[in-house]
$ cat target.txt   # compact mmCIF, C-alpha atoms and all ligand atoms
# COMPACT_ATOMS: atom_id res chain seq x y z
CA MET A 1326 12.18 -13.05 -19.99
CA ALA A 1327 12.86 -9.37 -19.34
CA GLU A 1328 13.56 -8.19 -15.81
CA TRP A 1329 13.48 -4.70 -14.38
CA ILE A 1330 15.73 -3.54 -11.60
CA MET A 1331 14.10 -0.88 -9.46
CA LYS A 1332 15.53 1.26 -6.71
CA PRO A 1333 13.60 2.88 -3.86
CA ILE A 1334 12.69 6.53 -4.31
CA GLY A 1335 12.32 6.79 -0.53
CA PHE A 1336 11.41 5.04 2.70
CA ILE A 1337 8.44 5.03 5.08
CA LYS A 1338 8.74 6.17 8.68
CA SER A 1339 6.02 4.31 10.56
CA SER A 1340 5.15 3.45 14.16
CA TYR A 1341 4.51 -0.11 13.00
CA THR A 1342 7.70 -2.10 13.37
CA ASP A 1343 6.28 -5.56 12.69
CA PRO A 1344 3.76 -6.63 9.99
CA LYS A 1345 1.62 -8.20 12.75
CA GLN A 1346 0.92 -4.74 14.24
CA VAL A 1347 -0.96 -3.52 11.15
CA PRO A 1348 -4.77 -3.89 11.52
CA LYS A 1349 -6.13 -6.71 9.34
CA GLY A 1350 -9.36 -8.39 8.40
CA LEU A 1351 -12.91 -7.23 7.77
CA GLY A 1352 -13.57 -3.70 8.93
CA ALA A 1353 -9.88 -2.91 9.59
CA LYS A 1354 -9.43 0.85 9.48
CA HIS A 1355 -6.19 2.42 8.30
CA THR A 1356 -5.80 5.76 10.00
CA MET A 1357 -2.16 5.49 11.02
CA GLU A 1358 0.00 8.47 10.12
CA GLY A 1359 3.54 8.23 8.88
CA VAL A 1360 6.15 10.04 6.82
CA LEU A 1361 7.51 9.17 3.42
CA GLU A 1362 11.07 10.46 3.15
CA VAL A 1363 11.95 10.87 -0.51
CA LEU A 1364 15.65 10.73 -1.46
CA PRO A 1365 17.11 14.28 -1.64
CA GLU A 1366 18.17 13.92 -5.27
CA LEU A 1367 14.58 13.11 -6.28
CA GLU A 1368 12.94 15.98 -4.37
CA PRO A 1369 12.40 18.13 -7.53
CA GLY A 1370 10.04 15.37 -8.69
CA LEU A 1371 7.65 16.30 -5.86
CA GLN A 1372 6.92 19.74 -7.33
CA ASP A 1373 3.14 20.44 -7.34
CA LEU A 1374 2.29 17.23 -5.47
CA GLU A 1375 0.67 19.13 -2.59
CA GLY A 1376 -2.29 20.06 -4.80
CA PHE A 1377 -3.50 16.46 -4.54
CA SER A 1378 -5.36 15.27 -1.46
CA HIS A 1379 -4.64 11.56 -1.98
CA LEU A 1380 -1.69 9.65 -3.36
CA ILE A 1381 -1.12 6.12 -4.59
CA ILE A 1382 2.02 4.75 -2.96
CA VAL A 1383 3.73 1.85 -4.71
CA TRP A 1384 6.03 -0.04 -2.36
CA VAL A 1385 7.85 -3.29 -1.68
CA PHE A 1386 6.87 -6.00 0.82
CA ASP A 1387 10.54 -6.19 1.78
CA ARG A 1388 9.87 -8.20 4.97
CA SER A 1389 8.03 -10.99 3.06
CA GLU A 1390 9.65 -14.00 1.49
CA GLY A 1391 8.38 -16.25 -1.28
CA TYR A 1392 4.78 -16.51 -2.35
CA ASP A 1393 1.65 -18.65 -2.33
CA LEU A 1394 -0.64 -18.79 -5.34
CA VAL A 1395 -3.67 -19.63 -3.21
CA VAL A 1396 -4.12 -17.93 0.15
CA LYS A 1397 -6.66 -17.63 2.93
CA PRO A 1398 -6.81 -13.90 3.74
CA PRO A 1399 -7.63 -12.70 7.28
CA SER A 1400 -10.91 -11.29 5.95
CA ASP A 1401 -12.34 -14.67 4.85
CA VAL A 1402 -12.58 -18.32 5.83
CA HIS A 1403 -12.18 -19.40 2.18
CA ALA A 1404 -9.02 -19.52 0.09
CA HIS A 1405 -8.56 -17.35 -3.01
CA GLY A 1406 -6.00 -16.91 -5.79
CA ILE A 1407 -3.23 -14.54 -4.77
CA PHE A 1408 -4.18 -12.11 -7.55
CA ALA A 1409 -7.71 -11.90 -6.14
CA THR A 1410 -6.24 -10.69 -2.82
CA ARG A 1411 -3.92 -8.01 -1.49
CA ALA A 1412 -1.79 -10.51 0.47
CA PRO A 1413 1.93 -9.68 0.92
CA ARG A 1414 3.48 -12.97 -0.24
CA ARG A 1415 3.11 -12.58 -4.02
CA PRO A 1416 5.27 -13.36 -7.07
CA ASN A 1417 6.25 -9.69 -7.35
CA PRO A 1418 6.12 -8.36 -3.75
CA ILE A 1419 4.58 -5.01 -4.64
CA GLY A 1420 2.16 -3.19 -2.34
CA ILE A 1421 -0.16 -0.35 -3.31
CA THR A 1422 -1.74 1.94 -0.74
CA VAL A 1423 -3.94 4.99 -1.19
CA VAL A 1424 -3.08 7.56 1.45
CA GLU A 1425 -4.09 11.11 2.33
CA LEU A 1426 -1.35 13.69 1.85
CA MET A 1427 -1.48 15.94 4.89
CA ARG A 1428 1.53 18.11 4.16
CA ARG A 1429 4.89 18.27 2.47
CA GLU A 1430 8.11 19.78 3.71
CA GLY A 1431 10.84 19.44 1.14
CA GLY A 1432 11.31 15.74 0.55
CA LYS A 1433 9.12 14.71 3.50
CA LEU A 1434 5.49 13.77 2.93
CA TRP A 1435 3.18 13.42 5.94
CA LEU A 1436 0.65 10.71 5.13
CA ARG A 1437 -2.49 9.35 6.76
CA GLY A 1438 -3.71 5.82 6.16
CA ILE A 1439 -0.45 3.91 5.89
CA ASP A 1440 -0.33 0.13 6.28
CA MET A 1441 3.44 -0.26 5.86
CA ILE A 1442 5.98 -0.94 8.56
CA ASP A 1443 8.95 1.26 9.40
CA GLY A 1444 11.67 1.33 6.75
CA THR A 1445 9.47 0.04 3.94
CA PRO A 1446 11.01 0.96 0.57
CA VAL A 1447 8.81 3.01 -1.77
CA LEU A 1448 9.09 2.59 -5.54
CA ASP A 1449 6.76 5.28 -6.80
CA ILE A 1450 4.17 7.93 -5.95
CA LYS A 1451 1.24 8.86 -8.15
CA PRO A 1452 -1.57 11.33 -7.48
CA LEU A 1453 -5.02 9.79 -7.13
CA THR A 1454 -6.97 11.49 -9.88
CA SER A 1455 -10.25 9.58 -10.00
CA ILE A 1456 -12.19 6.85 -8.27
CA ILE A 1457 -14.75 4.33 -9.51
CA PRO A 1458 -18.25 5.09 -8.22
CA MET A 1459 -19.29 2.53 -5.56
CA GLU A 1460 -22.35 1.46 -7.60
CA GLN A 1461 -20.06 0.38 -10.47
CA LEU A 1462 -17.63 -1.53 -8.27
CA ARG A 1463 -17.92 -5.33 -7.93
CA ARG A 1464 -15.95 -6.54 -4.91
CA GLY A 1465 -16.18 -10.30 -5.44
CA TRP A 1466 -15.48 -12.64 -2.50
CA LEU A 1467 -14.80 -9.70 -0.19
CA GLN A 1468 -18.36 -8.45 -0.49
CA GLU A 1469 -19.64 -11.99 0.17
CA ALA A 1470 -17.43 -12.26 3.26
CA GLU A 1471 -18.70 -8.91 4.53
CA GLU A 1472 -22.31 -10.02 4.01
CA ARG A 1473 -21.67 -13.25 5.95
CA ALA A 1474 -20.00 -11.46 8.88
C1 LIG B 1501 -2.68 -6.91 3.18
S1 LIG B 1501 -1.24 -6.01 2.77
C2 LIG B 1501 -1.94 -4.72 1.77
C3 LIG B 1501 -0.90 -3.74 1.35
C4 LIG B 1501 -1.37 -2.73 0.32
N1 LIG B 1501 -2.39 -1.84 0.85
C5 LIG B 1501 -1.85 -3.41 -0.92
O1 LIG B 1501 -3.05 -3.52 -1.10
O2 LIG B 1501 -1.01 -3.82 -1.74
C6 LIG B 1501 -0.85 -5.11 4.22
C7 LIG B 1501 -0.02 -5.92 5.16
O3 LIG B 1501 1.31 -5.96 4.71
C8 LIG B 1501 2.17 -6.16 5.82
N2 LIG B 1501 3.34 -5.31 5.64
C9 LIG B 1501 3.44 -3.97 5.83
N3 LIG B 1501 4.66 -3.54 5.52
C10 LIG B 1501 5.36 -4.64 5.09
C11 LIG B 1501 6.68 -4.83 4.62
N4 LIG B 1501 7.56 -3.84 4.51
N5 LIG B 1501 7.06 -6.10 4.29
C12 LIG B 1501 6.21 -7.12 4.42
N6 LIG B 1501 4.93 -7.00 4.86
C13 LIG B 1501 4.51 -5.77 5.19
C14 LIG B 1501 1.37 -5.83 7.07
O4 LIG B 1501 1.19 -7.02 7.78
C15 LIG B 1501 0.04 -5.32 6.53
O5 LIG B 1501 -1.04 -5.80 7.31

$ encode --input "target.txt" --output "structure tokens"
Amino acid sequence: MAEWIMKPIGFIKSSYTDPKQVPKGLGAKHTMEGVLEVLPELEPGLQDLEGFSHLIIVWVFDRSEGYDLVVKPPSDVHAHGIFATRAPRRPNPIGITVVELMRREGGKLWLRGIDMIDGTPVLDIKPLTSIIPMEQLRRGWLQEAEERA
């Protein structure tokens, strides 16, 4: 089977130093600010990024090991398949976080809404260009857990 070797395009500077410090569970709010430092040689790739209010950050759960196919997330008392959750221990340890871009200075991006710990490697950045209207969004077990809480 094919494999792809990826290298970080940059690293997160965060006040969280341990995964346990990041708010979890139902109602957890992600307002923490942090900086994404993009590698100097890739800085030209950031041209025109500041026109976008929100970015999709693709990153690596580099402080996780292994995976579970069925997990009990902190937001529910029931177990669910890993691909029906956003849990860190997954077959490909890739995280995706939508953040607000506050400002850019050269290769440094000031972000709001991070849930990554300090030093987290980032694989990619994409501008958020559309969102699905809430009335069209089905949120499965998470909605049921919220209704029970
Ligand atoms: C539930 S995951 C969701 C991550 C991302 N928003 C997503 O949906 O893919 C967020 C958790 O990952 C953990 N975490 C953050 N940075 C990490 C890292 N570098 N390695 C392993 N776990 C990390 C923290 O415990 C945090 O609460």

$ residues_near_ligand --input "target.txt" --ligand "ligand LIG 1501 (chain B)" --cutoff "7 Å" --atoms "only C-alpha atoms and all ligand atoms" --output "PyMOL selection string"
chain A and resi 1344-1349+1385-1389+1411-1413+1419-1422+1440-1442+1444-1445

$ closest_residue --input "target.txt" --among "A:Trp1329, A:Trp1466, A:Tyr1392, A:Trp1384" --to "Ala1409 (chain A)" --atoms "all atoms listed in the file"
A:Trp1466

$ atom_distance --input "target.txt" --atom1 "CA of Leu1448 (chain A)" --atom2 "CA of Val1383 (chain A)"
5.5 Å

$ closest_residue --input "target.txt" --among "A:Gln1468, A:Gln1461, A:Asp1393, A:His1379" --to "Ile1407 (chain A)" --atoms "all atoms listed in the file"
A:Asp1393

$ atom_distance --input "target.txt" --atom1 "CA of Pro1416 (chain A)" --atom2 "CA of Gly1391 (chain A)"
7.2 Å

$ closest_residue --input "target.txt" --among "A:Gly1359, A:Gly1350, A:Pro1458, A:Pro1452" --to "Lys1338 (chain A)" --atoms "all atoms listed in the file"
A:Gly1359

$ residues_around --input "target.txt" --residues "Gly1406 (chain A)" --least-positions-apart "2" --cutoff "10 Å" --atoms "all atoms listed in the file" --output "PyMOL selection string"
chain A and resi 1393-1397+1404+1408-1410+1412

$ residues_around --input "target.txt" --residues "Lys1451 (chain A)" --least-positions-apart "5" --cutoff "10 Å" --atoms "only C-alpha atoms" --output "list in words"
Leu1374, Phe1377, His1379, Leu1380, Ile1381, Ile1382, Val1383 and Val1423 of chain A

$ residues_around --input "target.txt" --residues "Glu1375 (chain A)" --least-positions-apart "2" --cutoff "12 Å" --atoms "all atoms listed in the file" --output "VMD selection string"
chain A and resid 1370 to 1373 1377 to 1380 1425 to 1436 1451 to 1453

$ atom_distance --input "target.txt" --atom1 "CA of Tyr1341 (chain A)" --atom2 "CA of Glu1366 (chain A)"
26.8 Å

$ closest_residue --input "target.txt" --among "A:Ile1334, A:Leu1462, A:Met1357, A:Val1363" --to "Ile1439 (chain A)" --atoms "all atoms listed in the file"
A:Met1357

$ closest_residue --input "target.txt" --among "A:Thr1342, A:Val1424, A:Ala1327, A:Arg1414" --to "Thr1356 (chain A)" --atoms "all atoms listed in the file"
A:Val1424
